[in-house]
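Novice: mmCIF, C-alpha atoms, saved as query-v8.cif, coming up:
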```
data_run
loop_
_atom_site.label_atom_id
_atom_site.label_comp_id
_atom_site.auth_asym_id
_atom_site.auth_seq_id
_atom_site.Cartn_x
_atom_site.Cartn_y
_atom_site.Cartn_z
CA MET A 1 0.00 0.00 0.00
CA SER A 2 2.88 2.34 0.74
CA PHE A 3 4.10 1.94 -2.87
CA LEU A 4 0.65 2.80 -4.25
CA ASN A 5 0.38 5.79 -1.95
CA SER A 6 3.77 7.11 -3.02
CA PHE A 7 2.86 6.50 -6.68
CA ASN A 8 -0.40 8.41 -6.26
CA ASN A 9 1.43 11.24 -4.56
CA ALA A 10 4.06 11.41 -7.31
CA TYR A 11 1.63 11.46 -10.24
CA SER A 12 -1.63 13.30 -10.51
CA TYR A 13 -4.69 12.11 -12.43
CA GLU A 14 -3.82 14.51 -15.24
CA ASP A 15 -0.28 13.10 -15.46
CA LEU A 16 -1.64 9.57 -15.71
CA MET A 17 -4.03 10.61 -18.46
CA VAL A 18 -1.18 12.18 -20.43
CA TRP A 19 0.91 9.02 -20.05
CA ALA A 20 -2.07 6.90 -21.11
CA VAL A 21 -2.51 8.98 -24.27
CA PHE A 22 1.18 8.63 -25.13
CA VAL A 23 1.07 4.87 -24.56
CA LEU A 24 -2.03 4.45 -26.73
CA TYR A 25 -0.46 6.66 -29.39
CA GLY A 26 2.69 4.54 -29.35
CA ILE A 27 0.69 1.29 -29.53
CA PHE A 28 -1.28 2.63 -32.50
CA TRP A 29 1.83 3.49 -34.51
CA LEU A 30 3.53 0.23 -33.53
CA PHE A 31 0.50 -1.69 -34.78
CA PHE A 32 0.38 0.45 -37.94
CA PHE A 33 4.03 -0.24 -38.83
CA MET A 34 3.62 -3.94 -38.01
CA VAL A 35 0.72 -4.13 -40.47
CA LEU A 36 2.81 -2.35 -43.13
CA LEU A 37 5.71 -4.73 -42.53
CA ILE A 38 3.52 -7.82 -42.74
CA HIS A 39 1.86 -6.54 -45.92
CA HIS A 40 5.27 -5.78 -47.44
CA PHE A 41 6.56 -9.32 -46.93
CA LEU A 42 3.30 -10.94 -47.99
CA MET A 43 3.51 -9.03 -51.26
CA ALA A 44 7.25 -9.72 -51.63
CA VAL A 45 6.91 -13.52 -51.61
CA PRO A 46 4.71 -13.96 -54.73
CA LEU A 47 6.49 -11.06 -56.45
CA TYR A 48 9.84 -12.80 -55.92
CA ILE A 49 8.43 -16.02 -57.38
CA MET A 50 7.03 -14.13 -60.38
CA ALA A 51 10.35 -12.39 -61.08
CA ASP A 52 12.33 -15.60 -60.62
CA LYS A 53 10.10 -17.64 -62.95
CA ALA A 54 10.18 -14.82 -65.49
CA GLY A 55 13.98 -15.09 -65.54
CA TYR A 56 14.66 -11.62 -64.17
CA ALA A 57 18.21 -11.39 -62.79
CA TYR A 58 17.35 -9.57 -59.55
CA PRO A 59 14.19 -11.10 -58.05
CA PHE A 60 15.39 -10.14 -54.55
CA LEU A 61 14.23 -6.58 -55.32
CA ALA A 62 10.80 -7.85 -54.29
CA PHE A 63 11.90 -7.62 -50.64
CA ILE A 64 13.38 -4.11 -50.85
CA PRO A 65 11.02 -1.18 -50.15
CA PHE A 66 10.42 1.06 -53.18
CA ALA A 67 12.48 -1.29 -55.37
CA ASN A 68 9.58 -3.74 -55.24
CA TYR A 69 7.40 -1.21 -57.06
CA TYR A 70 10.14 -0.86 -59.69
CA LEU A 71 10.02 -4.64 -60.12
CA ILE A 72 6.24 -4.62 -60.55
CA HIS A 73 6.59 -1.99 -63.28
CA ILE A 74 9.30 -3.66 -65.35
CA LEU A 75 8.14 -7.29 -65.32
CA PRO A 76 5.30 -6.87 -67.87
CA MET A 77 6.59 -6.97 -71.45
CA LYS A 78 4.13 -4.50 -72.91
CA GLU A 79 3.79 -0.80 -73.58
CA TYR A 80 3.29 1.35 -70.51
CA ASN A 81 0.18 3.44 -71.07
CA TYR A 82 -0.89 6.11 -68.59
CA ILE A 83 -4.54 6.49 -69.70
CA GLY A 84 -3.40 7.57 -73.16
CA MET A 85 -1.56 10.64 -71.86
CA TYR A 86 1.87 9.02 -71.78
CA LYS A 87 3.01 5.89 -73.61
CA THR A 88 6.41 4.23 -73.63
CA TYR A 89 8.02 0.83 -74.07
CA GLU A 90 10.62 1.82 -71.48
CA ARG A 91 8.84 0.38 -68.48
CA ARG A 92 11.27 2.03 -66.06
CA ASN A 93 9.87 5.39 -67.16
CA GLY A 94 6.49 4.24 -65.89
CA PHE A 95 8.10 3.66 -62.51
CA LEU A 96 9.64 7.16 -62.61
CA LEU A 97 6.20 8.62 -63.28
CA TYR A 98 4.81 6.61 -60.36
CA ALA A 99 7.62 7.82 -58.09
CA VAL A 100 6.98 11.46 -59.02
CA VAL A 101 3.23 11.43 -58.35
CA LYS A 102 3.43 9.20 -55.25
CA TRP A 103 6.58 10.32 -53.44
CA ILE A 104 8.61 13.11 -55.02
CA GLY A 105 5.67 15.40 -55.80
CA PRO A 106 4.15 15.40 -52.28
CA ILE A 107 7.58 15.98 -50.72
CA ALA A 108 8.20 18.92 -53.08
CA ILE A 109 4.78 20.37 -52.28
CA GLY A 110 5.44 20.10 -48.54
CA THR A 111 8.81 21.81 -48.96
CA VAL A 112 7.33 24.68 -50.99
CA GLY A 113 4.50 25.06 -48.47
CA ALA A 114 6.97 25.25 -45.58
CA ILE A 115 9.03 27.91 -47.37
CA PHE A 116 6.15 30.17 -48.40
CA GLY A 117 4.21 29.50 -45.20
CA ILE A 118 6.31 32.11 -43.40
CA VAL A 119 5.34 34.83 -45.90
CA PRO A 120 2.12 36.44 -44.53
CA LEU A 121 0.67 37.72 -47.81
CA LEU A 122 1.49 34.68 -49.90
CA SER A 123 0.90 31.88 -47.40
CA MET A 124 -2.89 31.60 -47.89
CA LEU A 125 -2.72 31.86 -51.70
CA VAL A 126 0.13 29.37 -51.93
CA ALA A 127 -1.67 27.01 -49.54
CA MET A 128 -4.79 27.01 -51.74
CA VAL A 129 -2.78 26.35 -54.90
CA LEU A 130 -0.74 23.61 -53.25
CA GLN A 131 -3.90 21.90 -51.99
CA LEU A 132 -5.22 21.74 -55.54
CA VAL A 133 -1.90 20.41 -56.82
CA ASN A 134 -1.77 17.89 -54.00
CA LEU A 135 -5.28 16.71 -54.83
CA GLY A 136 -4.27 16.30 -58.46
CA LEU A 137 -1.21 14.28 -57.45
CA LEU A 138 -3.36 12.12 -55.19
CA VAL A 139 -5.70 11.23 -58.05
CA ALA A 140 -2.75 10.74 -60.43
CA GLY A 141 -1.11 8.47 -57.86
CA TYR A 142 -4.20 6.28 -57.56
CA ILE A 143 -4.36 5.96 -61.35
CA ALA A 144 -0.64 5.14 -61.61
CA LYS A 145 -0.94 2.52 -58.88
CA ALA A 146 -3.92 0.91 -60.59
CA ILE A 147 -2.07 0.78 -63.93
CA MET A 148 0.98 -0.74 -62.24
CA MET A 149 -1.07 -3.57 -60.72
CA ILE A 150 -3.27 -4.10 -63.79
CA ASP A 151 -0.20 -4.56 -66.02
CA LEU A 152 1.32 -7.15 -63.69
CA LEU A 153 -1.91 -9.13 -63.28
CA ASP A 154 -2.54 -8.92 -67.02
CA LEU A 155 0.81 -10.64 -67.57
CA TYR A 156 -0.55 -13.86 -66.04
CA MET A 157 -4.13 -13.84 -67.30
CA LYS A 158 -5.58 -15.25 -70.49
CA LYS A 159 -7.01 -13.04 -73.21
CA ASP A 160 -10.57 -13.63 -72.06
CA GLU A 161 -9.59 -12.66 -68.49
CA LYS A 162 -8.09 -9.24 -69.27
CA SER A 163 -11.14 -7.39 -67.96
CA MET A 164 -10.71 -9.22 -64.65
CA ALA A 165 -7.16 -7.83 -64.39
CA VAL A 166 -8.55 -4.31 -64.76
CA PHE A 167 -11.24 -4.95 -62.15
CA LEU A 168 -8.82 -6.49 -59.62
CA GLY A 169 -6.25 -3.73 -60.20
CA ILE A 170 -8.78 -0.98 -59.50
CA VAL A 171 -10.17 -2.73 -56.43
CA SER A 172 -6.62 -3.32 -55.13
CA VAL A 173 -6.02 0.44 -55.01
CA PHE A 174 -8.58 0.66 -52.21
CA VAL A 175 -8.21 -2.88 -50.79
CA PRO A 176 -4.48 -3.77 -51.02
CA THR A 177 -5.09 -7.30 -49.73
CA VAL A 178 -6.84 -8.14 -53.01
CA PHE A 179 -3.60 -7.57 -54.94
CA VAL A 180 -1.58 -9.69 -52.51
CA VAL A 181 -4.01 -12.61 -52.64
CA THR A 182 -4.27 -12.42 -56.43
CA CYS A 183 -0.47 -12.42 -56.77
CA PHE A 184 -0.25 -15.54 -54.60
CA ILE A 185 -2.72 -17.26 -56.94
CA LEU A 186 -1.07 -16.08 -60.17
CA CYS A 187 2.57 -16.66 -59.18
CA LYS A 188 2.08 -20.37 -59.86
CA LYS A 189 1.26 -19.64 -63.50
CA GLU A 190 3.50 -19.05 -66.49
CA PRO A 191 4.00 -15.42 -67.54
CA GLU A 192 2.72 -14.35 -70.94
CA PHE A 193 6.20 -14.48 -72.48
CA GLY A 194 7.02 -17.91 -71.02
CA TYR A 195 9.25 -19.15 -68.21
CA GLY A 196 12.69 -17.55 -68.12
CA ASN A 197 12.16 -15.45 -71.23
CA TYR A 198 12.36 -12.00 -69.67
CA TYR A 199 15.58 -11.14 -71.52
CA TYR A 200 14.47 -12.84 -74.74
CA PRO A 201 11.15 -11.14 -75.50
CA VAL A 202 9.31 -10.95 -78.76
CA ASN A 203 9.72 -7.55 -80.46
CA LEU A 204 7.66 -5.25 -78.25
CA GLN A 205 6.22 -3.50 -81.27
CA THR A 206 4.45 -6.72 -82.29
CA ILE A 207 3.00 -7.64 -78.91
CA GLU A 208 0.01 -5.31 -79.07
#
```
Written as structure tokens, how would this file's structure read?
Specialist:
Amino acid sequence: MSFLNSFNNAYSYEDLMVWAVFVLYGIFWLFFFMVLLIHHFLMAVPLYIMADKAGYAYPFLAFIPFANYYLIHILPMKEYNYIGMYKTYERRNGFLLYAVVKWIGPIAIGTVGAIFGIVPLLSMLVAMVLQLVNLGLLVAGYIAKAIMMIDLLDLYMKKDEKSMAVFLGIVSVFVPTVFVVTCFILCKKEPEFGYGNYYYPVNLQTIE
């Protein structure tokens, strides 16, 4: 009882509430990062299998953050098409576009906002413009992510299943588990260009 009395005397009710909030906050973020880590490795396993069966030289990229998205972009042997606005057979350029709208753009917007936020007359105007730009990047990022997943799923689906790849890719943007589960199912199949033929593709101009 003496320990409890001394504890009660040392900390007030308000102090205990503050500590409780910090503990709950810490538990929330710990749980959040654990979920992200689990999701990362669950996605990495089928992606590694896909890259290995395709014959890609560096399938281990599936386990490296950010590099795994590069791997998803370059595995499909088809033209990258960003809703008709940008087309290229250099799949790595599709990844660069994804990186800009998902990571680089938001960081640049935050930096500009922090710089102009200290200027009284410009801060409100700049904030409004940056919010619009940020909203545009958010939408562009969702589209880029959907295209990335659709192209990978399309690589393992038959011609009469192509619409299913589009459906699953769009759903996966909002429910990431769908993409993970679908990859686990498809990683057992042969890619469109055959096992181990990643570096020996048919002329890309004739694929479409």
Novice: Using the chain letters and residue numbers of this document, give as a short mmCIF file (atom, residue, chain, number, x, y, z; two decimals) with C-alpha atoms, in the coordinates of the input the residues selected by the PyMOL selection byres ((chain A and resi 146-155) around 10).
Specialist:
```
data_model
loop_
_atom_site.label_atom_id
_atom_site.label_comp_id
_atom_site.auth_asym_id
_atom_site.auth_seq_id
_atom_site.Cartn_x
_atom_site.Cartn_y
_atom_site.Cartn_z
CA LEU A 47 6.49 -11.06 -56.45
CA MET A 50 7.03 -14.13 -60.38
CA TYR A 69 7.40 -1.21 -57.06
CA TYR A 70 10.14 -0.86 -59.69
CA LEU A 71 10.02 -4.64 -60.12
CA ILE A 72 6.24 -4.62 -60.55
CA HIS A 73 6.59 -1.99 -63.28
CA ILE A 74 9.30 -3.66 -65.35
CA LEU A 75 8.14 -7.29 -65.32
CA PRO A 76 5.30 -6.87 -67.87
CA MET A 77 6.59 -6.97 -71.45
CA LYS A 78 4.13 -4.50 -72.91
CA GLU A 79 3.79 -0.80 -73.58
CA TYR A 80 3.29 1.35 -70.51
CA ASN A 81 0.18 3.44 -71.07
CA TYR A 82 -0.89 6.11 -68.59
CA ILE A 83 -4.54 6.49 -69.70
CA GLY A 94 6.49 4.24 -65.89
CA PHE A 95 8.10 3.66 -62.51
CA TYR A 98 4.81 6.61 -60.36
CA ALA A 140 -2.75 10.74 -60.43
CA GLY A 141 -1.11 8.47 -57.86
CA TYR A 142 -4.20 6.28 -57.56
CA ILE A 143 -4.36 5.96 -61.35
CA ALA A 144 -0.64 5.14 -61.61
CA LYS A 145 -0.94 2.52 -58.88
CA TYR A 156 -0.55 -13.86 -66.04
CA MET A 157 -4.13 -13.84 -67.30
CA LYS A 158 -5.58 -15.25 -70.49
CA LYS A 159 -7.01 -13.04 -73.21
CA GLU A 161 -9.59 -12.66 -68.49
CA LYS A 162 -8.09 -9.24 -69.27
CA SER A 163 -11.14 -7.39 -67.96
CA MET A 164 -10.71 -9.22 -64.65
CA ALA A 165 -7.16 -7.83 -64.39
CA VAL A 166 -8.55 -4.31 -64.76
CA PHE A 167 -11.24 -4.95 -62.15
CA LEU A 168 -8.82 -6.49 -59.62
CA GLY A 169 -6.25 -3.73 -60.20
CA ILE A 170 -8.78 -0.98 -59.50
CA VAL A 171 -10.17 -2.73 -56.43
CA SER A 172 -6.62 -3.32 -55.13
CA VAL A 173 -6.02 0.44 -55.01
CA PHE A 174 -8.58 0.66 -52.21
CA PHE A 179 -3.60 -7.57 -54.94
CA THR A 182 -4.27 -12.42 -56.43
CA CYS A 183 -0.47 -12.42 -56.77
CA LEU A 186 -1.07 -16.08 -60.17
CA CYS A 187 2.57 -16.66 -59.18
CA LYS A 189 1.26 -19.64 -63.50
CA GLU A 190 3.50 -19.05 -66.49
CA PRO A 191 4.00 -15.42 -67.54
CA GLU A 192 2.72 -14.35 -70.94
CA PHE A 193 6.20 -14.48 -72.48
#
```
Novice: Contacts between stretch 113-135 of chain A and stretch 59-109 of chain A, please, where a residue of stretch 59-109 of chain A counts if it comes within 9 Å (with all atoms listed in the file); show its shortest atom pair and distance in Å to one decimal, rows by chain and ascending number, as a tab-separated table.
Specialist:
```
residue	atom	partner	partner_atom	distance
A:Gly105	CA	A:Asn134	CA	8.0
A:Pro106	CA	A:Asn134	CA	6.6
A:Ala108	CA	A:Gly113	CA	8.5
A:Ile109	CA	A:Gly113	CA	6.0
```
Novice: Of the candidates A:Lys102, A:Arg92, A:Lys53, A:Lys87, which shows the shortest atom-to-atom distance to A:Tyr195, using all atoms listed in the file?
Specialist: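 Nearest candidate to A:Tyr195 out of A:Lys102, A:Arg92, A:Lys53, A:Lys87: A:Lys53.
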Novice: Would you mind reading off the distance between atom CA of A:Val181 and atom CA of A:His40, one decimal, in Å?
Specialist: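 Separation of atom CA of A:Val181 and atom CA of A:His40: 12.6 Å.
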Novice: Got a sec: who's within 8 Å of A:Tyr199, counting only C-alpha atoms, leaving out chain neighbours fewer than 2 positions off, as a list in words?
Specialist: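 Those residues are Gly55, Tyr56, Gly196, Asn197 and Pro201 of chain A.
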Novice: Quick check, in Å to one decimal: how far apart do atom CA of A:Leu96 and atom CA of A:Tyr198 lie?
Specialist: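 Here the two named atoms are 20.6 Å from each other.
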Novice: Expressed in Å to a single decimal, how great is the separation between atom CA of A:Phe60 and atom CA of A:Tyr48?
Specialist: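 That distance, rounded to one decimal, is 6.3 Å.
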Novice: Which one is closest to A:Val178: A:Asn68, A:Met43, A:Thr88, A:Val101? Count all atoms listed in the file.
Specialist: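 Counting all atoms listed in the file, the residue closest to A:Val178 is A:Met43.
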Novice: Taking all atoms listed in the file into account, name the residue in A:Val23, A:Ile107, A:His39, A:Phe31 that is nearest to A:Thr177.
Specialist: A:His39
